[in-house]
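Peer 1: This is my_file.cif (mmCIF, C-alpha atoms).
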data_input
#
loop_
_atom_site.label_atom_id
_atom_site.label_comp_id
_atom_site.auth_asym_id
_atom_site.auth_seq_id
_atom_site.Cartn_x
_atom_site.Cartn_y
_atom_site.Cartn_z
CA MET B 1 4.27 87.11 171.92
CA ALA B 2 2.46 85.21 169.16
CA GLN B 3 4.89 82.31 169.55
CA LYS B 4 4.52 82.26 173.35
CA LEU B 5 0.74 82.23 173.00
CA ASN B 6 0.96 79.24 170.61
CA LEU B 7 -1.39 81.02 168.23
CA GLU B 8 -0.70 78.72 165.29
CA VAL B 9 -1.48 75.69 167.43
CA LYS B 10 -4.69 77.38 168.59
CA ARG B 11 -5.73 78.28 165.04
CA ALA B 12 -5.21 74.65 164.05
CA ARG B 13 -7.29 73.58 167.03
CA ILE B 14 -10.11 75.91 165.94
CA LYS B 15 -10.18 74.25 162.51
CA GLU B 16 -10.20 70.81 164.16
CA ILE B 17 -13.18 71.69 166.37
CA GLU B 18 -15.09 73.30 163.50
CA GLN B 19 -14.62 70.16 161.39
CA GLU B 20 -15.78 68.05 164.34
CA MET B 21 -18.91 70.22 164.69
CA ASN B 22 -19.88 69.47 161.08
CA SER B 23 -20.47 65.84 162.00
CA PRO B 24 -24.11 64.94 162.91
CA GLU B 25 -22.83 62.69 165.73
CA PHE B 26 -21.15 65.69 167.39
CA TRP B 27 -24.43 67.06 168.79
CA LEU B 28 -25.61 63.69 170.17
CA ASP B 29 -23.22 63.96 173.12
CA GLU B 30 -24.51 67.09 174.86
CA GLU B 31 -21.75 67.30 177.50
CA ARG B 32 -18.96 66.90 174.94
CA SER B 33 -20.53 69.34 172.46
CA ASN B 34 -20.95 71.98 175.19
CA LEU B 35 -17.31 71.51 176.17
CA ARG B 36 -16.15 71.89 172.55
CA THR B 37 -18.37 74.93 171.94
CA ARG B 38 -16.97 76.65 175.04
CA GLU B 39 -13.40 75.78 174.04
CA LEU B 40 -13.97 77.18 170.53
CA LYS B 41 -15.38 80.42 171.92
CA ASN B 42 -12.39 80.88 174.26
CA LEU B 43 -9.83 80.14 171.54
CA LYS B 44 -11.42 82.59 169.11
CA SER B 45 -11.60 85.24 171.84
CA GLU B 46 -7.86 84.89 172.56
CA ILE B 47 -6.89 85.18 168.90
CA ASP B 48 -9.24 88.12 168.32
CA LYS B 49 -7.73 89.95 171.31
CA PHE B 50 -4.21 89.39 169.96
CA ASP B 51 -5.10 90.44 166.39
CA GLU B 52 -6.90 93.56 167.62
CA LEU B 53 -4.05 94.53 169.92
CA LYS B 54 -1.46 93.92 167.19
CA GLU B 55 -3.40 96.21 164.84
CA LEU B 56 -3.68 98.93 167.50
CA VAL B 57 0.07 98.77 168.23
CA GLU B 58 0.90 99.04 164.52
CA MET B 59 -1.41 102.05 164.13
CA ALA B 60 -0.43 103.81 167.34
CA GLY B 61 2.08 106.61 167.53
CA GLU B 62 4.84 106.60 170.11
CA ASP B 63 2.78 108.75 172.51
CA ASP B 64 -0.18 106.34 172.29
CA LEU B 65 1.69 103.16 173.26
CA PRO B 66 1.52 103.69 177.08
CA GLY B 67 -2.29 103.60 176.78
CA LEU B 68 -2.07 100.00 175.54
CA GLU B 69 0.22 98.83 178.35
CA GLU B 70 -2.53 97.29 180.49
CA GLU B 71 -4.02 95.38 177.55
CA VAL B 72 -0.59 93.99 176.67
CA LYS B 73 -0.06 92.88 180.28
CA GLU B 74 -3.44 91.09 180.34
CA LEU B 75 -2.62 89.25 177.13
CA GLU B 76 0.87 88.38 178.39
CA LYS B 77 -0.71 86.58 181.35
CA LEU B 78 -1.92 83.89 178.94
CA THR B 79 1.73 83.02 178.22
CA TRP B 80 2.00 81.81 181.82
CA PHE B 81 -0.16 78.79 181.05
CA SER B 82 2.13 76.71 178.85
CA GLY B 83 1.91 73.42 180.78
CA LYS B 84 0.40 70.35 179.14
CA TYR B 85 -2.88 70.59 181.08
CA ASP B 86 -2.87 74.29 182.00
CA SER B 87 -5.77 75.17 179.71
CA ASN B 88 -7.98 72.42 181.20
CA SER B 89 -10.75 72.59 183.77
CA ALA B 90 -9.87 71.41 187.27
CA ILE B 91 -10.98 68.93 189.90
CA ILE B 92 -10.30 69.99 193.49
CA ASN B 93 -10.20 67.53 196.39
CA PHE B 94 -10.46 68.72 200.00
CA TYR B 95 -9.41 66.63 203.02
CA ALA B 96 -9.75 67.58 206.70
CA GLY B 97 -6.52 67.10 208.62
CA ALA B 98 -5.51 67.53 212.23
CA GLY B 99 -7.90 69.58 214.34
CA GLY B 100 -11.08 67.51 214.81
CA ASP B 101 -14.34 69.45 214.38
CA ASP B 102 -12.40 72.65 213.72
CA ALA B 103 -10.52 71.02 210.84
CA GLN B 104 -13.74 69.73 209.28
CA ASP B 105 -15.30 73.18 209.60
CA TRP B 106 -12.14 74.71 208.12
CA THR B 107 -12.26 72.30 205.18
CA GLU B 108 -15.79 73.43 204.35
CA MET B 109 -14.69 77.09 204.63
CA LEU B 110 -11.90 76.39 202.14
CA MET B 111 -14.26 74.66 199.72
CA LYS B 112 -16.62 77.65 199.86
CA MET B 113 -13.70 80.02 199.26
CA TYR B 114 -12.79 78.29 195.99
CA LEU B 115 -16.44 78.03 194.94
CA LYS B 116 -16.85 81.79 195.47
CA TRP B 117 -13.65 82.44 193.50
CA ALA B 118 -14.98 80.28 190.65
CA ASN B 119 -18.35 82.02 190.62
CA GLU B 120 -16.70 85.46 190.63
CA ASN B 121 -14.69 84.43 187.56
CA GLY B 122 -17.68 82.96 185.74
CA TYR B 123 -16.57 79.31 185.99
CA ALA B 124 -19.06 76.46 186.24
CA THR B 125 -18.91 74.43 189.47
CA LYS B 126 -20.25 71.07 190.57
CA ILE B 127 -19.80 69.15 193.83
CA LEU B 128 -19.00 65.56 192.80
CA ASN B 129 -18.52 64.03 196.23
CA GLN B 130 -18.90 65.17 199.83
CA SER B 131 -18.56 63.48 203.22
CA SER B 132 -20.10 65.46 206.08
CA GLY B 133 -18.35 65.98 209.40
CA GLY B 134 -19.61 64.67 212.72
CA ILE B 135 -20.77 68.01 214.15
CA ALA B 136 -20.00 70.55 211.42
CA GLY B 137 -18.10 70.98 208.19
CA ILE B 138 -16.88 68.19 205.91
CA LYS B 139 -14.37 65.36 206.20
CA SER B 140 -13.68 65.45 202.45
CA ALA B 141 -15.16 66.75 199.22
CA THR B 142 -14.51 66.79 195.48
CA VAL B 143 -15.45 69.80 193.35
CA GLU B 144 -15.31 70.23 189.58
CA VAL B 145 -14.50 73.73 188.28
CA GLY B 146 -15.05 74.10 184.54
CA GLY B 147 -13.45 76.77 182.39
CA GLN B 148 -10.43 77.76 180.29
CA TYR B 149 -7.09 77.79 182.21
CA VAL B 150 -8.68 76.86 185.55
CA TYR B 151 -6.09 74.15 186.22
CA GLY B 152 -3.24 76.46 185.18
CA LYS B 153 -4.46 79.07 187.64
CA LEU B 154 -5.18 76.76 190.57
CA LYS B 155 -2.56 74.01 190.37
CA LYS B 156 -0.20 75.83 192.76
CA GLU B 157 -2.98 75.92 195.35
CA SER B 158 -2.29 72.24 196.07
CA GLY B 159 -0.94 71.70 199.57
CA VAL B 160 -1.75 72.10 203.25
CA HIS B 161 -3.69 75.19 204.32
CA ARG B 162 -3.56 76.19 208.01
CA LEU B 163 -6.19 78.11 209.99
CA VAL B 164 -5.55 79.81 213.36
CA ARG B 165 -8.62 81.14 215.20
CA GLN B 166 -10.67 81.06 218.38
CA SER B 167 -12.54 77.76 218.20
CA PRO B 168 -16.35 78.04 217.89
CA PHE B 169 -16.51 74.44 219.17
CA ASN B 170 -14.77 75.19 222.47
CA ALA B 171 -16.75 76.63 225.40
CA LYS B 172 -13.73 78.69 226.45
CA ALA B 173 -13.09 79.92 222.86
CA LEU B 174 -9.48 78.82 223.03
CA ARG B 175 -7.18 79.40 220.08
CA GLN B 176 -7.16 76.40 217.75
CA THR B 177 -4.93 75.51 214.81
CA SER B 178 -6.53 73.41 212.06
CA PHE B 179 -5.20 71.88 208.86
CA SER B 180 -6.77 70.97 205.54
CA LEU B 181 -5.26 69.46 202.41
CA VAL B 182 -6.18 70.83 198.99
CA GLU B 183 -5.41 68.71 195.92
CA VAL B 184 -5.87 70.34 192.49
CA LEU B 185 -6.02 68.03 189.46
CA PRO B 186 -6.48 68.63 185.72
CA GLU B 187 -9.74 67.40 184.26
CA ILE B 188 -9.10 64.97 181.39
CA GLU B 189 -11.71 64.18 178.76
CA ASP B 190 -13.10 60.66 178.63
CA LYS B 191 -12.25 60.42 174.93
CA SER B 192 -8.83 62.06 175.09
CA LYS B 193 -6.67 60.61 172.31
CA ASP B 194 -3.43 60.51 174.29
CA PHE B 195 -4.84 59.28 177.61
CA GLU B 196 -6.05 55.69 177.63
CA ILE B 197 -6.77 53.58 180.72
CA SER B 198 -7.09 49.84 180.27
CA ASP B 199 -10.14 48.21 181.88
CA LYS B 200 -7.97 45.34 183.11
CA ASP B 201 -6.06 47.82 185.28
CA LEU B 202 -9.21 48.93 187.11
CA LYS B 203 -11.04 47.51 190.12
CA ILE B 204 -14.61 48.79 190.51
CA ASP B 205 -16.50 48.51 193.82
CA THR B 206 -20.04 49.62 194.55
CA PHE B 207 -21.46 50.50 197.95
CA ARG B 208 -24.43 52.17 199.54
CA ALA B 209 -24.34 55.97 199.41
CA SER B 210 -24.78 58.04 202.55
CA GLY B 211 -25.85 61.63 203.16
CA HIS B 212 -27.71 63.87 200.74
CA GLY B 213 -28.32 62.79 197.19
CA GLY B 214 -31.94 62.08 196.35
CA GLN B 215 -34.39 59.27 196.92
CA SER B 216 -32.02 56.47 195.91
CA VAL B 217 -29.51 57.26 198.67
CA ASN B 218 -29.29 54.55 201.35
CA THR B 219 -31.56 52.23 199.33
CA THR B 220 -29.28 51.01 196.51
CA ASP B 221 -25.57 50.38 195.96
CA SER B 222 -25.30 53.49 193.78
CA ALA B 223 -21.97 54.80 195.10
CA VAL B 224 -18.86 53.76 193.14
CA ARG B 225 -15.17 53.47 193.99
CA ILE B 226 -12.63 52.84 191.20
CA THR B 227 -9.05 51.78 191.95
CA HIS B 228 -6.19 51.92 189.44
CA LEU B 229 -4.25 48.72 190.18
CA LEU B 230 -0.91 49.88 188.73
CA THR B 231 -0.60 52.89 191.03
CA GLY B 232 -3.04 52.27 193.85
CA LEU B 233 -4.79 55.56 193.11
CA SER B 234 -8.53 55.51 193.71
CA ALA B 235 -11.55 57.75 193.27
CA SER B 236 -15.13 57.53 194.47
CA CYS B 237 -18.40 59.32 193.91
CA GLN B 238 -21.80 59.06 195.59
CA ASN B 239 -23.52 62.40 194.93
CA GLU B 240 -25.14 61.44 191.62
CA ARG B 241 -28.54 59.71 191.47
CA SER B 242 -27.47 56.62 189.52
CA GLN B 243 -24.60 54.16 189.68
CA LEU B 244 -23.69 54.95 186.05
CA GLN B 245 -23.43 58.69 186.74
CA ASN B 246 -21.34 58.04 189.85
CA LYS B 247 -19.06 55.74 187.84
CA MET B 248 -18.55 58.43 185.18
CA SER B 249 -17.72 61.05 187.83
CA ALA B 250 -15.34 58.68 189.64
CA MET B 251 -13.55 57.93 186.35
CA SER B 252 -13.21 61.66 185.72
CA ILE B 253 -11.52 62.10 189.11
CA LEU B 254 -9.27 59.06 188.56
CA ARG B 255 -8.15 60.33 185.12
CA ALA B 256 -7.32 63.66 186.74
CA ARG B 257 -5.23 62.01 189.47
CA LEU B 258 -3.34 59.92 186.92
CA ALA B 259 -2.71 62.96 184.71
CA LYS B 260 -1.30 64.88 187.70
CA LEU B 261 0.92 61.91 188.59
CA LEU B 262 2.18 61.71 184.99
CA GLU B 263 2.98 65.42 185.11
CA ASP B 264 4.74 65.21 188.49
CA GLN B 265 6.85 62.20 187.48
CA HIS B 266 7.52 63.47 183.93
CA LYS B 267 6.15 60.27 182.42
CA GLU B 268 4.46 59.93 179.04
CA LYS B 269 2.43 56.74 179.53
CA ILE B 270 0.26 55.44 182.34
CA SER B 271 1.96 52.05 182.01
CA GLU B 272 5.22 53.69 183.18
CA LEU B 273 3.71 54.70 186.52
CA ARG B 274 4.20 52.81 189.75
CA GLY B 275 2.51 53.13 193.13
CA GLU B 276 5.37 54.49 195.24
CA SER B 277 4.42 58.16 194.75
CA ALA B 278 0.71 57.69 194.19
CA GLU B 279 -0.58 59.31 197.39
CA PRO B 280 -0.35 63.06 198.01
CA GLU B 281 1.96 63.84 200.91
CA TRP B 282 1.18 66.06 203.87
CA GLY B 283 4.03 68.56 203.93
CA SER B 284 4.34 71.82 205.82
CA GLN B 285 1.60 74.34 205.18
CA ILE B 286 1.79 76.45 202.02
CA ARG B 287 -0.47 79.18 203.43
CA SER B 288 -1.68 80.32 206.84
CA TYR B 289 -4.98 82.06 207.54
CA VAL B 290 -4.83 83.79 210.94
CA LEU B 291 -8.08 85.15 212.44
CA HIS B 292 -6.82 85.43 216.05
CA PRO B 293 -4.89 87.04 217.80
CA TYR B 294 -4.45 89.21 214.67
CA LYS B 295 -5.79 89.07 211.14
CA MET B 296 -3.57 88.00 208.25
CA VAL B 297 -3.28 85.53 205.39
CA LYS B 298 0.28 84.71 204.37
CA ASP B 299 1.62 82.47 201.60
CA HIS B 300 4.81 80.86 202.89
CA ARG B 301 6.24 80.24 199.41
CA THR B 302 5.95 83.72 197.93
CA GLY B 303 5.75 85.83 201.07
CA TYR B 304 2.63 87.51 199.70
CA GLU B 305 0.18 88.45 202.44
CA SER B 306 -3.18 90.12 203.03
CA LYS B 307 -4.43 91.86 206.17
CA ASN B 308 -8.03 91.09 205.21
CA PRO B 309 -8.71 87.34 205.71
CA ASP B 310 -12.49 87.89 205.49
CA GLU B 311 -12.07 89.17 201.93
CA VAL B 312 -9.76 86.26 201.05
CA LEU B 313 -12.20 83.69 202.43
CA ASN B 314 -14.88 85.34 200.28
CA GLY B 315 -12.95 84.21 197.21
CA LYS B 316 -10.57 87.14 196.64
CA ILE B 317 -7.49 84.96 196.04
CA ASP B 318 -6.35 86.18 192.60
CA ASP B 319 -3.37 88.08 194.03
CA PHE B 320 -2.14 84.94 195.81
CA ILE B 321 -2.58 82.90 192.62
CA GLU B 322 -0.73 85.47 190.51
CA ALA B 323 2.16 85.77 192.99
CA GLU B 324 2.69 82.00 192.96
CA ILE B 325 2.54 81.74 189.15
CA LYS B 326 5.03 84.60 188.75
CA MET B 327 7.45 82.97 191.23
CA SER B 328 7.22 79.57 189.51
CA LYS B 329 7.85 81.16 186.09
CA SER B 330 10.85 83.12 187.30
#
If you took the structure in this file and wrote it as structure tokens, what would it be?
Peer 2:
Amino acid sequence: MAQKLNLEVKRARIKEIEQEMNSPEFWLDEERSNLRTRELKNLKSEIDKFDELKELVEMAGEDDLPGLEEEVKELEKLTWFSGKYDSNSAIINFYAGAGGDDAQDWTEMLMKMYLKWANENGYATKILNQSSGGIAGIKSATVEVGGQYVYGKLKKESGVHRLVRQSPFNAKALRQTSFSLVEVLPEIEDKSKDFEISDKDLKIDTFRASGHGGQSVNTTDSAVRITHLLTGLSASCQNERSQLQNKMSAMSILRARLAKLLEDQHKEKISELRGESAEPEWGSQIRSYVLHPYKMVKDHRTGYESKNPDEVLNGKIDDFIEAEIKMSKS
């Protein structure tokens, strides 16, 4: 198990972070230092759990081993996250699809579901961008979820999610089917050594923000859109109070999209990417949430289902996540 958990790599990473923390410049960048401190804490916790469990197994008699089974299983789950970006935080994009007002309402319901899941698991969340719907809900939104292994856990949630219910926007309460696209991306650090984006490959546009966002909204061109010319991928942000903050958030989203594209196309360098596969495709739904005429949530890839959609929409999605990870590993 030690080899599968990459413990030697993690011990080396601990030494690297500790050396970095000895530098006076380390604490000048508050966001980066907080990220490193959290990473160090998580790495040490993993290694301590393994060392403690190893000691208990060595001390235990044959009759005592079954009592350690659950702890072993919990530790084994960490071996699932062996992908290049699996240990990273995640950026989640939400897009309303077919279904008009119902789809926009459904998109907001989905966003709240993942926010509740994140809060239940103790992950930090931040809404980077949000476009409100005409009557209700949202047309699109971008959410940052910070924590160890968030991307590894959520990356299989990418795809089309379908809702079937009686429409609250229809006077006759007819049954309505709505679609929303979820796109999960790995968050990549601005100063990542192996991920460089050339300024000459970027086009930066500014525009006037709309919606909520403080006193500067609708008065200055604070919103920012950044386009990567090689691939056509773009990212925008307008929720922050200043143009600089919006630019930093947009770059964070763009790095995440490029990292996901590198992973999907099995490329090593951004310069190897081309625009043909840059946009996420709308395929058939990966999961259906049925509220009428019966109640059920079913994942069409794994077959896993729940008869309690209210609980699922309140963020109880760990069983769906685990089923998908297990299927992909097998």
Peer 1: Applying the PyMOL selection byres ((chain B and resi 175-180) around 12) to the file I just gave you, which residues come out? Please list them as a PyMOL selection string.
Peer 2: chain B and resi 93-111+137-141+157-174+181-183+282-294
Peer 1: To one decimal place in Å, what is the distance between CA of Asp86 in chain B and CA of Arg13 in chain B?
Peer 2: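 Computing the Euclidean distance for CA of Asp86 in chain B and CA of Arg13 in chain B yields 15.6 Å.
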Peer 1: Just give me the gap between CA of Leu75 in chain B and CA of Tyr149 in chain B in Å, one decimal is fine.
Peer 2: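 So the answer is 13.3 Å.
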Peer 1: Nearest to Met113 in chain B among B:Lys316, B:Arg225, B:Lys329, B:Lys295, with distances taken over all atoms listed in the file: which residue is it?
Peer 2: B:Lys316
Peer 1: Give the answer as one residue: which of B:Asn6, B:Ser249, B:Thr231, B:Ser131 has the shortest atom-to-atom distance to Ile91 in chain B, using all atoms listed in the file?
Peer 2: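 Nearest to Ile91 in chain B: B:Ser249.
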Peer 1: What residues have an atom no more than 10 Å from (0.3, 78.5, 184.3) in the file's own frame, counting all atoms listed in the file, and can you write them as a list in words?
Peer 2: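 So the residues meeting the distance criterion are Lys77, Leu78, Thr79, Trp80, Phe81, Ser82, Gly83, Lys84, Tyr85, Asp86, Ser87, Tyr149, Val150, Tyr151, Gly152, Lys153, Leu154, Lys155, Lys156, Ile321, Glu322, Glu324, Ile325, Lys326, Ser328 and Lys329 of chain B.
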Peer 1: Closest to Glu196 in chain B among B:Arg32, B:Lys269, B:Lys41, B:His228, using all atoms listed in the file?
Peer 2: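 Among B:Arg32, B:Lys269, B:Lys41, B:His228, it is B:Lys269 that comes nearest to Glu196 in chain B.
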Peer 1: Taking the point (-15.1, 49.4, 192.5) as given in the file, collect each protein or nucleic acid residue that comes within 6 Å of it, counting only C-alpha atoms, and present the set as a VMD selection string.
Peer 2: chain B and resid 203 to 206 224 to 226
Peer 1: Apply the PyMOL selection byres ((chain B and resi 254) around 8) to the displayed file and report the matching residues as a PyMOL selection string.
Peer 2: chain B and resi 226+228+233-235+250-253+255-258
Peer 1: If you measure from CA of Thr142 in chain B to CA of Ile127 in chain B, what distance in Å do you get, rounded to one decimal?
Peer 2: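 Going from CA of Thr142 in chain B over to CA of Ile127 in chain B, I get 6.0 Å.
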Peer 1: Looking at all atoms listed in the file, which of B:Glu55, B:Glu76, B:Glu240, B:Asp201 is the one that sits closest to Thr227 in chain B?
Peer 2: B:Asp201
Peer 1: Go through B:Gln238, B:Ile317, B:Gly146, B:Val297 one by one, measure the shortest atom-to-atom distance of each to Glu31 in chain B using all atoms listed in the file, and give the residue with the smallest value.
Peer 2: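 Nearest candidate to Glu31 in chain B out of B:Gln238, B:Ile317, B:Gly146, B:Val297: B:Gly146.
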Peer 1: Identify which of the residues B:Met327, B:Cys237, B:Ile14, B:Leu53 lies closest to Gly303 in chain B, counting only C-alpha atoms when measuring atom-to-atom distances.
Peer 2: B:Met327
